[in-house]
file input.cif (mmCIF, C-alpha atoms)
data_entry
#
loop_
_atom_site.group_PDB
_atom_site.id
_atom_site.type_symbol
_atom_site.label_atom_id
_atom_site.label_comp_id
_atom_site.auth_asym_id
_atom_site.auth_seq_id
_atom_site.Cartn_x
_atom_site.Cartn_y
_atom_site.Cartn_z
ATOM 1 C CA MET H 1 95.788 61.375 112.673
ATOM 2 C CA ALA H 2 94.936 64.718 111.158
ATOM 3 C CA ARG H 3 96.550 66.137 108.053
ATOM 4 C CA ILE H 4 99.086 68.948 107.717
ATOM 5 C CA LEU H 5 98.207 71.588 105.118
ATOM 6 C CA SER H 6 100.711 73.894 103.443
ATOM 7 C CA ILE H 7 100.013 77.197 101.765
ATOM 8 C CA ASP H 8 101.986 78.966 99.042
ATOM 9 C CA TYR H 9 100.204 82.310 99.402
ATOM 10 C CA GLY H 10 100.129 84.766 96.528
ATOM 11 C CA ALA H 11 98.373 88.005 95.726
ATOM 12 C CA LYS H 12 96.327 86.401 92.923
ATOM 13 C CA ARG H 13 96.537 82.639 93.484
ATOM 14 C CA THR H 14 97.329 80.404 96.423
ATOM 15 C CA GLY H 15 98.710 76.896 96.092
ATOM 16 C CA LEU H 16 97.696 74.271 98.639
ATOM 17 C CA ALA H 17 99.111 70.866 99.527
ATOM 18 C CA VAL H 18 98.248 68.331 102.227
ATOM 19 C CA THR H 19 99.680 65.236 103.808
ATOM 20 C CA ASP H 20 97.961 61.916 103.952
ATOM 21 C CA PRO H 21 96.344 61.202 107.358
ATOM 22 C CA LEU H 22 99.526 59.436 108.532
ATOM 23 C CA GLN H 23 101.572 62.560 107.630
ATOM 24 C CA ILE H 24 103.993 60.631 105.437
ATOM 25 C CA ILE H 25 103.341 61.910 101.911
ATOM 26 C CA ALA H 26 102.787 65.483 100.696
ATOM 27 C CA THR H 27 100.372 65.841 97.794
ATOM 28 C CA GLY H 28 99.215 68.877 95.868
ATOM 29 C CA LEU H 29 95.627 69.708 96.783
ATOM 30 C CA THR H 30 94.667 72.591 94.495
ATOM 31 C CA THR H 31 95.218 76.223 93.652
ATOM 32 C CA VAL H 32 92.522 78.723 94.553
ATOM 33 C CA GLU H 33 92.072 82.368 93.742
ATOM 34 C CA THR H 34 93.373 84.156 96.820
ATOM 35 C CA PRO H 35 90.139 86.104 97.513
ATOM 36 C CA LYS H 36 88.363 82.711 97.776
ATOM 37 C CA LEU H 37 90.999 81.101 100.019
ATOM 38 C CA PHE H 38 89.310 81.420 103.400
ATOM 39 C CA ARG H 39 85.975 80.170 102.114
ATOM 40 C CA PHE H 40 87.779 77.169 100.587
ATOM 41 C CA LEU H 41 89.627 76.495 103.865
ATOM 42 C CA ARG H 42 86.424 76.638 105.929
ATOM 43 C CA GLU H 43 84.835 74.050 103.629
ATOM 44 C CA TYR H 44 87.949 71.861 103.597
ATOM 45 C CA PHE H 45 88.403 71.938 107.393
ATOM 46 C CA ALA H 46 84.740 70.952 107.817
ATOM 47 C CA LYS H 47 85.468 67.749 105.826
ATOM 48 C CA GLU H 48 89.062 66.936 106.802
ATOM 49 C CA PRO H 49 90.814 67.207 110.167
ATOM 50 C CA VAL H 50 93.934 69.404 109.913
ATOM 51 C CA GLU H 51 96.269 69.750 112.869
ATOM 52 C CA LEU H 52 98.843 72.196 111.467
ATOM 53 C CA ILE H 53 99.126 74.804 108.733
ATOM 54 C CA ILE H 54 102.542 75.414 107.175
ATOM 55 C CA MET H 55 102.665 78.848 105.545
ATOM 56 C CA GLY H 56 105.391 79.569 103.031
ATOM 57 C CA GLU H 57 107.419 82.559 104.203
ATOM 58 C CA PRO H 58 108.824 84.665 101.367
ATOM 59 C CA LYS H 59 112.386 85.823 101.989
ATOM 60 C CA ASN H 60 115.172 87.180 99.831
ATOM 61 C CA TRP H 61 118.464 85.292 99.627
ATOM 62 C CA ASP H 62 119.881 87.650 102.295
ATOM 63 C CA ASP H 63 116.974 86.915 104.719
ATOM 64 C CA THR H 64 115.275 90.264 104.176
ATOM 65 C CA ASP H 65 111.543 90.473 103.537
ATOM 66 C CA THR H 66 110.232 90.459 99.979
ATOM 67 C CA HIS H 67 107.404 92.564 98.581
ATOM 68 C CA ALA H 68 105.075 89.629 99.379
ATOM 69 C CA THR H 69 106.050 89.223 103.037
ATOM 70 C CA PRO H 70 103.538 91.784 104.415
ATOM 71 C CA LEU H 71 100.692 90.063 102.494
ATOM 72 C CA VAL H 72 101.670 86.686 103.924
ATOM 73 C CA LYS H 73 101.916 88.057 107.475
ATOM 74 C CA LYS H 74 98.441 89.558 107.124
ATOM 75 C CA ALA H 75 97.103 86.208 105.901
ATOM 76 C CA VAL H 76 98.726 84.434 108.866
ATOM 77 C CA GLU H 77 97.016 86.829 111.270
ATOM 78 C CA ARG H 78 93.677 86.060 109.623
ATOM 79 C CA LEU H 79 94.339 82.300 109.723
ATOM 80 C CA LYS H 80 95.024 82.511 113.464
ATOM 81 C CA ARG H 81 91.864 84.570 113.978
ATOM 82 C CA GLU H 82 89.535 82.409 111.866
ATOM 83 C CA PHE H 83 90.994 79.003 112.793
ATOM 84 C CA PRO H 84 92.357 79.455 116.339
ATOM 85 C CA ALA H 85 92.472 75.692 117.015
ATOM 86 C CA ILE H 86 94.963 75.078 114.184
ATOM 87 C CA PRO H 87 98.524 76.279 114.761
ATOM 88 C CA VAL H 88 100.314 78.085 111.924
ATOM 89 C CA LYS H 89 104.037 77.616 111.339
ATOM 90 C CA MET H 90 106.056 79.755 108.921
ATOM 91 C CA TRP H 91 108.415 77.897 106.567
ATOM 92 C CA ASP H 92 111.098 79.280 104.270
ATOM 93 C CA GLU H 93 109.786 79.172 100.701
ATOM 94 C CA ARG H 94 112.875 80.492 98.935
ATOM 95 C CA TYR H 95 113.356 78.955 95.522
ATOM 96 C CA THR H 96 110.203 76.782 95.724
ATOM 97 C CA SER H 97 108.700 78.306 92.571
ATOM 98 C CA LYS H 98 111.978 77.706 90.735
ATOM 99 C CA MET H 99 112.077 74.147 92.112
ATOM 100 C CA ALA H 100 108.459 73.648 91.007
ATOM 101 C CA SER H 101 109.299 74.761 87.478
ATOM 102 C CA GLN H 102 112.274 72.390 87.417
ATOM 103 C CA ALA H 103 110.080 69.530 88.677
ATOM 104 C CA MET H 104 107.625 70.210 85.861
ATOM 105 C CA ILE H 105 110.458 69.925 83.328
ATOM 106 C CA GLU H 106 111.605 66.668 84.919
ATOM 107 C CA MET H 107 108.019 65.339 84.758
ATOM 108 C CA GLY H 108 108.145 65.916 81.013
ATOM 109 C CA LEU H 109 105.443 68.586 80.887
ATOM 110 C CA LYS H 110 105.304 70.574 77.680
ATOM 111 C CA LYS H 111 106.180 74.287 77.712
ATOM 112 C CA LYS H 112 102.508 75.318 77.556
ATOM 113 C CA GLN H 113 101.723 73.145 80.592
ATOM 114 C CA ARG H 114 104.710 74.591 82.465
ATOM 115 C CA GLN H 115 103.306 78.093 81.943
ATOM 116 C CA ASN H 116 100.269 77.161 84.064
ATOM 117 C CA LYS H 117 100.939 79.380 87.110
ATOM 118 C CA ALA H 118 98.259 77.609 89.150
ATOM 119 C CA LEU H 119 100.111 74.316 88.763
ATOM 120 C CA VAL H 120 103.400 75.985 89.712
ATOM 121 C CA ASP H 121 101.762 77.321 92.910
ATOM 122 C CA GLU H 122 100.344 73.901 93.816
ATOM 123 C CA ILE H 123 103.690 72.198 93.247
ATOM 124 C CA ALA H 124 105.458 74.923 95.269
ATOM 125 C CA ALA H 125 103.065 74.268 98.180
ATOM 126 C CA THR H 126 103.873 70.562 97.880
ATOM 127 C CA ILE H 127 107.617 71.280 97.981
ATOM 128 C CA ILE H 128 107.170 73.461 101.082
ATOM 129 C CA LEU H 129 105.295 70.623 102.770
ATOM 130 C CA GLN H 130 107.860 67.992 101.694
ATOM 131 C CA GLU H 131 110.665 70.134 103.096
ATOM 132 C CA TYR H 132 108.797 70.500 106.392
ATOM 133 C CA LEU H 133 108.126 66.743 106.614
ATOM 134 C CA ARG H 134 111.781 66.006 105.858
ATOM 135 C CA SER H 135 112.840 68.334 108.684
ATOM 136 C CA ILE H 136 110.751 66.511 111.312
ATOM 137 C CA SER H 137 111.544 62.939 110.291
#
call {"tool": "encode", "arguments": {"input": "input.cif", "output": "structure tokens"}}
result
Amino acid sequence: MARILSIDYGAKRTGLAVTDPLQIIATGLTTVETPKLFRFLREYFAKEPVELIIMGEPKNWDDTDTHATPLVKKAVERLKREFPAIPVKMWDERYTSKMASQAMIEMGLKKKQRQNKALVDEIAATIILQEYLRSIS
């Protein structure tokens, strides 16, 4: 089976997570600088089969768009254009950064480590993917 990849898209950095080939476990992949995202994805897709992209959808608590929503929608359009064979599904990412920070505390990471925004983004992408997997099981 092919993997599922999730994206926590940001203006500066983008967190990525993937499933194992059996689509059971979500694991953080990396965080890339957003301008380098599509180059990274082209290289990754050339090495690993991916059957679905889950894109974190930023929403406010009242379901309205956030300041980041237009950026994410633009990225989704580009994903569909550049990788037409891989479907893209939007997934609610509310509170994932807060959940990632809490997970880092529970893992016992020191304050300096918890300030690593790249790690927060990667963990947030993993949480998005875990939530998606939980919803389909």
call {"tool": "residues_around", "arguments": {"input": "input.cif", "residues": "H:Ser6", "least_positions_apart": "4", "cutoff": "6 Å", "atoms": "only C-alpha atoms", "output": "JSON, numbers by chain"}}
result
{"H": [16, 17, 53, 54, 55, 125, 129]}
call {"tool": "closest_residue", "arguments": {"input": "input.cif", "among": "H:Arg94, H:Lys89, H:Arg39, H:Arg78", "to": "H:Glu51", "atoms": "all atoms listed in the file"}}
result
H:Lys89
call {"tool": "residues_around", "arguments": {"input": "input.cif", "residues": "H:Arg13", "least_positions_apart": "5", "cutoff": "9 Å", "atoms": "only C-alpha atoms", "output": "list in words"}}
result
Asp8, Thr31, Val32, Glu33, Thr34, Pro35, Leu37, Lys117, Ala118 and Asp121 of chain H
call {"tool": "atom_distance", "arguments": {"input": "input.cif", "atom1": "atom CA of H:Leu5", "atom2": "atom CA of H:Gln130"}}
result
10.9 Å
call {"tool": "closest_residue", "arguments": {"input": "input.cif", "among": "H:Asp62, H:Asp20, H:Glu48, H:Glu131", "to": "H:Trp91", "atoms": "only C-alpha atoms"}}
result
H:Glu131
call {"tool": "atom_distance", "arguments": {"input": "input.cif", "atom1": "atom CA of H:Lys98", "atom2": "atom CA of H:Leu119"}}
result
12.5 Å
call {"tool": "residues_near_point", "arguments": {"input": "input.cif", "point": "(97.7, 61.5, 109.5)", "cutoff": "12 Å", "atoms": "all atoms listed in the file", "output": "NGL selection string"}}
result
:H and (1-5 or 18-26 or 48-52)
call {"tool": "write_last_selection", "arguments": {"input": "input.cif", "atoms": "C-alpha atoms", "output": "tab-separated table (two decimals), keeping the file's coordinate frame"}}
result
chain	number	residue	atom	x	y	z
H	1	MET	CA	95.79	61.38	112.67
H	2	ALA	CA	94.94	64.72	111.16
H	3	ARG	CA	96.55	66.14	108.05
H	4	ILE	CA	99.09	68.95	107.72
H	5	LEU	CA	98.21	71.59	105.12
H	18	VAL	CA	98.25	68.33	102.23
H	19	THR	CA	99.68	65.24	103.81
H	20	ASP	CA	97.96	61.92	103.95
H	21	PRO	CA	96.34	61.20	107.36
H	22	LEU	CA	99.53	59.44	108.53
H	23	GLN	CA	101.57	62.56	107.63
H	24	ILE	CA	103.99	60.63	105.44
H	25	ILE	CA	103.34	61.91	101.91
H	26	ALA	CA	102.79	65.48	100.70
H	48	GLU	CA	89.06	66.94	106.80
H	49	PRO	CA	90.81	67.21	110.17
H	50	VAL	CA	93.93	69.40	109.91
H	51	GLU	CA	96.27	69.75	112.87
H	52	LEU	CA	98.84	72.20	111.47
call {"tool": "atom_distance", "arguments": {"input": "input.cif", "atom1": "atom CA of H:Phe38", "atom2": "atom CA of H:Val120"}}
result
20.4 Å
call {"tool": "resolve_selection", "arguments": {"input": "input.cif", "expression": "the PyMOL selection byres ((chain H and resi 71) around 12)", "output": "list in words"}}
result
Asp8, Tyr9, Gly10, Ala11, Lys12, Thr14, Thr34, Met55, Gly56, Glu57, Pro58, Asp65, Thr66, His67, Ala68, Thr69, Pro70, Val72, Lys73, Lys74, Ala75, Val76, Glu77 and Arg78 of chain H
call {"tool": "closest_residue", "arguments": {"input": "input.cif", "among": "H:Thr96, H:Met107, H:Glu122, H:Leu41", "to": "H:Phe83", "atoms": "only C-alpha atoms"}}
result
H:Leu41
call {"tool": "closest_residue", "arguments": {"input": "input.cif", "among": "H:Met99, H:Asn60, H:Val88, H:Thr30", "to": "H:Ile128", "atoms": "all atoms listed in the file"}}
result
H:Met99
call {"tool": "closest_residue", "arguments": {"input": "input.cif", "among": "H:Pro84, H:Thr27, H:Thr64, H:Tyr44", "to": "H:Leu133", "atoms": "all atoms listed in the file"}}
result
H:Thr27
call {"tool": "build_atoms", "arguments": {"input": "input.cif", "residues": "stretch 43-77 of chain H", "atoms": "N, CA and C atoms", "output": "short mmCIF file (atom, residue, chain, number, x, y, z; two decimals), in the frame of the given file"}}
result
data_model
loop_
_atom_site.label_atom_id
_atom_site.label_comp_id
_atom_site.auth_asym_id
_atom_site.auth_seq_id
_atom_site.Cartn_x
_atom_site.Cartn_y
_atom_site.Cartn_z
N GLU H 43 85.48 75.25 104.17
CA GLU H 43 84.84 74.05 103.63
C GLU H 43 85.74 72.82 103.77
N TYR H 44 87.02 72.99 103.51
CA TYR H 44 87.95 71.86 103.60
C TYR H 44 88.08 71.38 105.04
N PHE H 45 88.24 72.31 105.99
CA PHE H 45 88.40 71.94 107.39
C PHE H 45 87.14 71.29 107.95
N ALA H 46 85.99 71.59 107.38
CA ALA H 46 84.74 70.95 107.82
C ALA H 46 84.72 69.47 107.40
N LYS H 47 85.45 69.13 106.34
CA LYS H 47 85.47 67.75 105.83
C LYS H 47 86.67 66.95 106.31
N GLU H 48 87.81 67.62 106.48
CA GLU H 48 89.06 66.94 106.80
C GLU H 48 89.70 67.53 108.06
N PRO H 49 90.11 66.68 109.00
CA PRO H 49 90.81 67.21 110.17
C PRO H 49 92.24 67.64 109.79
N VAL H 50 92.59 68.85 110.18
CA VAL H 50 93.93 69.40 109.91
C VAL H 50 94.49 69.87 111.25
N GLU H 51 95.69 69.40 111.57
CA GLU H 51 96.27 69.75 112.87
C GLU H 51 97.33 70.84 112.82
N LEU H 52 97.79 71.19 111.60
CA LEU H 52 98.84 72.20 111.47
C LEU H 52 98.79 72.80 110.07
N ILE H 53 99.01 74.10 110.01
CA ILE H 53 99.13 74.80 108.73
C ILE H 53 100.57 75.28 108.60
N ILE H 54 101.19 74.93 107.49
CA ILE H 54 102.54 75.41 107.18
C ILE H 54 102.38 76.51 106.12
N MET H 55 102.79 77.71 106.45
CA MET H 55 102.66 78.85 105.54
C MET H 55 104.03 79.19 104.98
N GLY H 56 104.14 79.19 103.67
CA GLY H 56 105.39 79.57 103.03
C GLY H 56 105.74 81.01 103.36
N GLU H 57 106.97 81.22 103.82
CA GLU H 57 107.42 82.56 104.20
C GLU H 57 108.38 83.09 103.14
N PRO H 58 107.95 84.13 102.41
CA PRO H 58 108.82 84.66 101.37
C PRO H 58 109.98 85.49 101.95
N LYS H 59 111.18 85.11 101.56
CA LYS H 59 112.39 85.82 101.99
C LYS H 59 113.32 85.96 100.81
N ASN H 60 114.10 87.03 100.81
CA ASN H 60 115.17 87.18 99.83
C ASN H 60 116.35 86.31 100.25
N TRP H 61 117.30 86.13 99.34
CA TRP H 61 118.46 85.29 99.63
C TRP H 61 119.25 85.78 100.84
N ASP H 62 119.15 87.09 101.15
CA ASP H 62 119.88 87.65 102.30
C ASP H 62 119.02 87.73 103.55
N ASP H 63 117.90 87.00 103.58
CA ASP H 63 116.97 86.92 104.72
C ASP H 63 116.12 88.15 104.94
N THR H 64 116.15 89.11 104.03
CA THR H 64 115.28 90.26 104.18
C THR H 64 113.89 89.91 103.62
N ASP H 65 112.90 90.68 104.02
CA ASP H 65 111.54 90.47 103.54
C ASP H 65 111.44 90.81 102.06
N THR H 66 110.52 90.15 101.38
CA THR H 66 110.23 90.46 99.98
C THR H 66 109.01 91.37 99.94
N HIS H 67 108.61 91.75 98.73
CA HIS H 67 107.40 92.56 98.58
C HIS H 67 106.16 91.78 99.03
N ALA H 68 106.23 90.45 99.02
CA ALA H 68 105.08 89.63 99.38
C ALA H 68 104.99 89.34 100.88
N THR H 69 106.04 89.57 101.61
CA THR H 69 106.05 89.22 103.04
C THR H 69 104.92 89.89 103.83
N PRO H 70 104.64 91.19 103.66
CA PRO H 70 103.54 91.78 104.42
C PRO H 70 102.18 91.13 104.11
N LEU H 71 101.95 90.75 102.85
CA LEU H 71 100.69 90.06 102.49
C LEU H 71 100.57 88.73 103.22
N VAL H 72 101.67 87.99 103.27
CA VAL H 72 101.67 86.69 103.92
C VAL H 72 101.44 86.85 105.43
N LYS H 73 102.09 87.83 106.03
CA LYS H 73 101.92 88.06 107.48
C LYS H 73 100.46 88.42 107.80
N LYS H 74 99.85 89.20 106.93
CA LYS H 74 98.44 89.56 107.12
C LYS H 74 97.56 88.31 107.01
N ALA H 75 97.86 87.45 106.07
CA ALA H 75 97.10 86.21 105.90
C ALA H 75 97.28 85.30 107.12
N VAL H 76 98.48 85.25 107.67
CA VAL H 76 98.73 84.43 108.87
C VAL H 76 97.89 84.94 110.03
N GLU H 77 97.84 86.25 110.21
CA GLU H 77 97.02 86.83 111.27
C GLU H 77 95.55 86.42 111.11
#
